[in-house]
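Printed here is run-v3.txt (compact mmCIF, C-alpha atoms and all ligand atoms):
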```
# COMPACT_ATOMS: atom_id res chain seq x y z
CA MET A 1 -13.25 7.58 -31.78
CA LEU A 2 -10.60 6.07 -29.54
CA PRO A 3 -10.25 2.29 -29.72
CA THR A 4 -12.27 0.92 -26.81
CA ARG A 5 -9.99 -1.99 -26.17
CA LEU A 6 -6.34 -1.87 -27.06
CA LEU A 7 -4.36 -5.07 -27.02
CA LEU A 8 -0.79 -4.13 -26.20
CA PRO A 9 1.78 -6.08 -28.22
CA LEU A 10 4.05 -6.42 -25.14
CA ALA A 11 1.73 -7.50 -22.43
CA TYR A 12 -1.71 -7.92 -24.03
CA VAL A 13 -3.26 -5.80 -21.30
CA PRO A 14 -6.78 -4.79 -22.44
CA LEU A 15 -7.35 -1.08 -21.74
CA LYS A 16 -10.87 0.38 -21.60
CA SER A 17 -11.62 3.78 -23.21
CA SER A 18 -12.03 5.29 -19.70
CA GLN A 19 -8.42 4.32 -18.94
CA LEU A 20 -7.26 5.63 -22.31
CA SER A 21 -8.74 9.12 -21.77
CA CYS A 22 -6.04 9.87 -19.17
CA LEU A 23 -3.49 9.32 -21.91
CA ARG A 24 -5.03 11.85 -24.26
CA PRO A 25 -2.42 14.63 -24.59
CA TYR A 26 -4.09 18.01 -24.08
CA GLY A 27 -5.52 19.60 -27.19
CA ARG A 28 -4.80 16.70 -29.53
CA SER A 29 -7.65 15.28 -31.59
CA SER A 30 -8.90 11.81 -30.69
CA ALA A 31 -7.88 10.55 -34.08
CA HIS A 32 -4.33 11.82 -33.58
CA VAL A 33 -4.08 10.27 -30.11
CA ALA A 34 -5.39 6.98 -31.48
CA GLU A 35 -2.54 7.12 -33.93
CA LEU A 36 0.06 7.88 -31.26
CA LEU A 37 -1.38 5.71 -28.55
CA PRO A 38 0.13 2.29 -29.30
CA ASP A 39 3.65 3.70 -29.22
CA LEU A 40 2.97 5.84 -26.16
CA VAL A 41 1.46 3.01 -24.17
CA GLU A 42 4.00 0.50 -25.45
CA ILE A 43 6.89 2.73 -24.28
CA SER A 44 5.35 3.35 -20.86
CA LEU A 45 4.47 -0.28 -20.45
CA SER A 46 7.88 -1.57 -21.47
CA ARG A 47 9.39 0.84 -18.95
CA ALA A 48 7.02 -0.49 -16.29
CA ILE A 49 7.99 -4.05 -17.16
CA LEU A 50 11.68 -3.14 -17.15
CA ASN A 51 11.37 -1.34 -13.82
CA GLY A 52 9.49 -4.27 -12.42
CA PHE A 53 12.20 -6.61 -13.64
CA ARG A 54 14.90 -4.33 -12.21
CA THR A 55 13.03 -4.20 -8.89
CA PHE A 56 12.73 -7.95 -8.92
CA CYS A 57 16.47 -8.29 -9.68
CA SER A 58 17.54 -5.74 -7.12
CA SER A 59 15.44 -7.38 -4.41
CA GLN A 60 17.14 -10.65 -5.47
CA ASP A 61 20.65 -9.16 -5.86
CA LEU A 62 21.59 -8.02 -2.36
CA SER A 63 24.73 -6.28 -3.62
CA LEU A 64 22.53 -3.65 -5.30
CA LYS A 65 20.85 -2.75 -2.01
CA LYS A 66 22.10 -0.25 0.57
CA CYS A 67 22.78 -0.84 4.27
CA VAL A 68 20.56 1.21 6.58
CA PRO A 69 21.57 2.87 9.88
CA CYS A 70 21.25 0.49 12.82
CA LYS A 71 18.93 2.23 15.23
CA ARG A 72 18.90 0.09 18.38
CA LYS A 73 15.29 0.83 19.30
CA ASP A 74 13.67 -0.69 16.23
CA LEU A 75 16.18 -3.44 15.54
CA SER A 76 15.90 -7.12 16.36
CA PRO A 77 18.03 -9.98 15.07
CA MET A 78 16.51 -12.18 12.39
CA THR A 79 15.60 -15.76 13.22
CA GLU A 80 17.79 -18.67 12.15
CA GLY A 81 15.02 -19.56 9.70
CA ASN A 82 15.15 -16.16 8.03
CA ALA A 83 18.95 -16.28 7.97
CA SER A 84 18.80 -19.68 6.27
CA GLU A 85 16.46 -18.23 3.64
CA LEU A 86 18.94 -15.45 2.81
CA LYS A 87 22.04 -17.66 3.07
CA PRO A 88 21.83 -18.98 -0.57
CA LYS A 89 22.33 -15.39 -1.76
CA VAL A 90 25.82 -15.37 -0.20
CA PRO A 91 26.96 -18.97 -0.93
CA GLU A 92 30.65 -18.31 -0.12
CA TRP A 93 29.78 -17.44 3.48
CA GLU A 94 28.92 -19.73 6.36
CA LEU A 95 26.25 -19.08 8.94
CA VAL A 96 27.66 -19.53 12.45
CA ASN A 97 26.23 -19.34 15.94
CA ASP A 98 28.97 -17.82 18.07
CA GLY A 99 27.91 -18.11 21.68
CA GLY A 100 24.30 -17.41 20.81
CA ILE A 101 25.13 -14.65 18.30
CA MET A 102 24.36 -15.52 14.65
CA LYS A 103 27.09 -14.31 12.29
CA LEU A 104 28.23 -14.61 8.68
CA ARG A 105 31.82 -15.83 8.33
CA ARG A 106 34.17 -16.21 5.36
CA ASN A 107 37.88 -17.11 5.16
CA TRP A 108 40.61 -16.25 2.64
CA LYS A 109 44.36 -16.96 2.36
CA VAL A 110 46.29 -13.85 1.37
CA LYS A 111 49.81 -13.70 -0.17
CA ASN A 112 51.42 -12.18 2.92
CA PHE A 113 50.79 -10.00 5.94
CA LEU A 114 50.94 -6.69 4.08
CA GLN A 115 48.58 -7.95 1.37
CA GLY A 116 46.25 -8.87 4.23
CA LEU A 117 46.32 -5.29 5.44
CA GLU A 118 45.66 -4.03 1.89
CA PHE A 119 42.76 -6.48 1.69
CA PHE A 120 41.35 -4.97 4.89
CA LYS A 121 41.73 -1.46 3.48
CA VAL A 122 39.56 -2.27 0.45
CA VAL A 123 36.93 -3.94 2.64
CA GLY A 124 37.16 -1.11 5.16
CA ASP A 125 36.47 1.54 2.53
CA LEU A 126 33.33 -0.36 1.50
CA ALA A 127 32.20 -0.68 5.11
CA GLU A 128 32.66 3.03 5.71
CA ALA A 129 30.66 3.82 2.58
CA GLU A 130 27.86 1.50 3.76
CA GLY A 131 27.99 2.62 7.39
CA HIS A 132 28.02 -1.05 8.41
CA HIS A 133 31.20 -2.76 9.57
CA PRO A 134 32.62 -6.29 9.62
CA ASP A 135 34.93 -7.84 12.21
CA LEU A 136 38.31 -8.27 10.48
CA HIS A 137 40.78 -10.97 11.61
CA LEU A 138 44.32 -11.50 10.24
CA VAL A 139 45.82 -14.57 11.95
CA GLY A 140 49.08 -16.44 11.38
CA TRP A 141 50.13 -13.58 9.02
CA ASN A 142 48.14 -14.78 5.97
CA ASN A 143 44.78 -16.12 7.20
CA VAL A 144 41.98 -13.61 6.78
CA THR A 145 38.59 -14.16 8.38
CA ILE A 146 35.71 -11.70 8.11
CA GLU A 147 32.73 -12.00 10.40
CA ILE A 148 29.65 -9.87 9.89
CA TRP A 149 26.86 -9.31 12.36
CA THR A 150 24.82 -6.36 13.61
CA HIS A 151 26.23 -5.33 16.95
CA ALA A 152 23.28 -3.01 17.68
CA CYS A 153 20.96 -6.00 18.08
CA GLY A 154 23.37 -8.84 18.79
CA GLY A 155 22.54 -10.87 15.72
CA LEU A 156 21.94 -10.82 11.98
CA THR A 157 19.98 -8.25 9.99
CA GLU A 158 19.66 -7.74 6.25
CA ASN A 159 22.54 -5.24 6.45
CA ASP A 160 24.91 -8.11 7.16
CA PHE A 161 23.85 -10.03 4.06
CA ILE A 162 24.04 -6.87 1.94
CA LEU A 163 27.58 -6.17 3.17
CA ALA A 164 28.63 -9.79 2.53
CA ALA A 165 27.20 -9.64 -1.01
CA LYS A 166 29.04 -6.38 -1.65
CA ILE A 167 32.32 -7.79 -0.30
CA ASP A 168 31.94 -10.69 -2.73
CA LYS A 169 31.87 -8.15 -5.58
CA LEU A 170 35.14 -6.44 -4.51
CA PRO A 171 38.33 -6.93 -6.60
CA LEU A 172 40.26 -8.92 -3.96
CA GLU A 173 41.91 -11.57 -6.17
CA SER A 174 45.26 -9.75 -6.36
CA PHE A 175 45.71 -10.03 -2.58
CA LEU A 176 45.07 -13.79 -2.50
CA ARG A 177 47.56 -16.65 -2.45
CA ARG A 178 47.38 -18.77 -5.60
CA LYS A 179 45.55 -22.02 -4.84
C1 LIG A 201 24.45 4.52 13.17
C2 LIG A 201 25.22 3.40 12.56
O1 LIG A 201 24.36 2.66 11.73
C3 LIG A 201 25.80 2.48 13.63
O2 LIG A 201 26.73 3.11 14.45
C4 LIG A 201 26.42 1.28 12.96
C5 LIG A 201 27.86 1.41 12.54
N1 LIG A 201 28.30 0.14 11.98
C6 LIG A 201 27.77 -1.04 12.44
N2 LIG A 201 28.23 -2.21 12.01
C7 LIG A 201 27.76 -3.36 12.50
N3 LIG A 201 28.24 -4.54 12.05
N4 LIG A 201 26.82 -3.37 13.45
C8 LIG A 201 26.28 -2.26 13.96
O3 LIG A 201 25.41 -2.33 14.84
C9 LIG A 201 26.72 -1.01 13.42
N5 LIG A 201 26.19 0.14 13.78
```
Write out the structure in this file as structure tokens.
Ligand SMILES: C[C@H](O)[C@H](O)[C@H]1CNC2=NC(N)=NC(=O)C2=N1
Amino acid sequence: MLPTRLLLPLAYVPLKSSQLSCLRPYGRSSAHVAELLPDLVEISLSRAILNGFRTFCSSQDLSLKKCVPCKRKDLSPMTEGNASELKPKVPEWELVNDGGIMKLRRNWKVKNFLQGLEFFKVVGDLAEAEGHHPDLHLVGWNNVTIEIWTHACGGLTENDFILAAKIDKLPLESFLRRK
């Protein structure tokens, strides 16, 4: 007879025999399943826990998410409150209100003008891959500023935070002036 309540070593989730029956592989005897069951359930449960953890991480780590197409009709800018909630996830960036348009802004000093253009190329390739694009400024030959906002709605959406988080993961150190 199958164990009526199985305490799982990983999560101590009590399972009733009715729940266990769905696990019974076709044609195997109950005794055999009882033997297999702890491993089977433990594996599936640890995967569930791992997936849950990964989901939790990915929803926390914006750089693992993907930008979505900006369809004007169903897009509205997030509130300043929402933007402030997401801001800690991109600590290197500042939240600015530029004439009523909320944007993310970050500055760098590059080695020289051409390194600035190379810097833009690396960022540009990422933007093209994401289908979401930053405003790139190269001023006074070595001052780079990137501003990110969603033009389709005239403000900030999650795309902008995702792009900022991804830019922060790019290998840009070689273009930068030593501090
Ligand atoms: C369909 C596609 O998502 C749009 O054309 C994209 C392209 N890149 C974009 N980038 C930014 N920053 N804002 C947009 O509204 C935008 N729209």
So that each row is one residue of chain A with an atom at most 12 Å from ligand LIG 201 (chain A), can you give its shortest atom pair and the distance in Å to one decimal, using all atoms listed in the file, rows by chain and rising number, as a Markdown table?
```
| residue | atom | partner | partner_atom | distance |
| --- | --- | --- | --- | --- |
| A:Lys66 | CA | A:LIG201 | O1 | 11.8 |
| A:Cys67 | CA | A:LIG201 | O1 | 8.4 |
| A:Val68 | CA | A:LIG201 | O1 | 6.6 |
| A:Pro69 | CA | A:LIG201 | O1 | 3.4 |
| A:Cys70 | CA | A:LIG201 | O1 | 3.9 |
| A:Lys71 | CA | A:LIG201 | C1 | 6.3 |
| A:Arg72 | CA | A:LIG201 | O3 | 7.8 |
| A:Lys73 | CA | A:LIG201 | O3 | 11.5 |
| A:Asp74 | CA | A:LIG201 | O3 | 11.9 |
| A:Leu75 | CA | A:LIG201 | O3 | 9.3 |
| A:Ser76 | CA | A:LIG201 | O3 | 10.8 |
| A:Pro77 | CA | A:LIG201 | O3 | 10.6 |
| A:Met102 | CA | A:LIG201 | N3 | 11.9 |
| A:Lys103 | CA | A:LIG201 | N3 | 9.8 |
| A:Leu104 | CA | A:LIG201 | N3 | 10.6 |
| A:Gly124 | CA | A:LIG201 | N1 | 11.3 |
| A:Leu126 | CA | A:LIG201 | N1 | 11.6 |
| A:Ala127 | CA | A:LIG201 | N1 | 7.9 |
| A:Glu128 | CA | A:LIG201 | N1 | 8.2 |
| A:Ala129 | CA | A:LIG201 | N1 | 10.4 |
| A:Glu130 | CA | A:LIG201 | N1 | 8.3 |
| A:Gly131 | CA | A:LIG201 | N1 | 5.2 |
| A:His132 | CA | A:LIG201 | N1 | 3.8 |
| A:His133 | CA | A:LIG201 | N2 | 3.9 |
| A:Pro134 | CA | A:LIG201 | N3 | 5.3 |
| A:Asp135 | CA | A:LIG201 | N3 | 7.5 |
| A:Leu136 | CA | A:LIG201 | N3 | 10.9 |
| A:Ile146 | CA | A:LIG201 | N3 | 11.1 |
| A:Glu147 | CA | A:LIG201 | N3 | 8.9 |
| A:Ile148 | CA | A:LIG201 | N3 | 5.9 |
| A:Trp149 | CA | A:LIG201 | N3 | 5.0 |
| A:Thr150 | CA | A:LIG201 | N4 | 3.6 |
| A:His151 | CA | A:LIG201 | O3 | 3.8 |
| A:Ala152 | CA | A:LIG201 | O3 | 3.6 |
| A:Cys153 | CA | A:LIG201 | O3 | 6.6 |
| A:Gly154 | CA | A:LIG201 | O3 | 7.9 |
| A:Gly155 | CA | A:LIG201 | N4 | 8.9 |
| A:Leu156 | CA | A:LIG201 | N3 | 8.9 |
| A:Thr157 | CA | A:LIG201 | N4 | 9.1 |
| A:Glu158 | CA | A:LIG201 | N3 | 10.8 |
| A:Asn159 | CA | A:LIG201 | N3 | 8.0 |
| A:Asp160 | CA | A:LIG201 | N3 | 6.9 |
| A:Phe161 | CA | A:LIG201 | N3 | 10.6 |
| A:Ile162 | CA | A:LIG201 | N3 | 11.2 |
| A:Leu163 | CA | A:LIG201 | N3 | 9.1 |
| A:Ala164 | CA | A:LIG201 | N3 | 10.9 |
```
Between atom CA of A:Lys179 and atom CA of A:Asp61, distance in Å (one decimal): 28.0 Å
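In this model, the gap between atom CA of A:Val123 and atom CA of A:Leu170 comes to 7.8 Å.
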Taking into account only C-alpha atoms, which residue in the set A:Asn82, A:Ser174, A:Thr145, A:Ser63 is nearest to A:Gln115?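 Among the listed residues, the smallest separation from A:Gln115 belongs to A:Ser174.
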Would you compute an axis-aligned box for stretch 137-146 of chain A, covering every atom listed for it in the file with 3 Å of margin on each side, and report centre and edge lengths in Å to one decimal as lines of an AutoDock Vina configuration file?
```
center_x = 42.9
center_y = -13.7
center_z = 9.0
size_x = 20.4
size_y = 11.5
size_z = 12.0
```
What separation in Å, quoted to one decimal, exists between atom CA of A:Leu172 and atom CA of A:Pro88? 21.3 Å
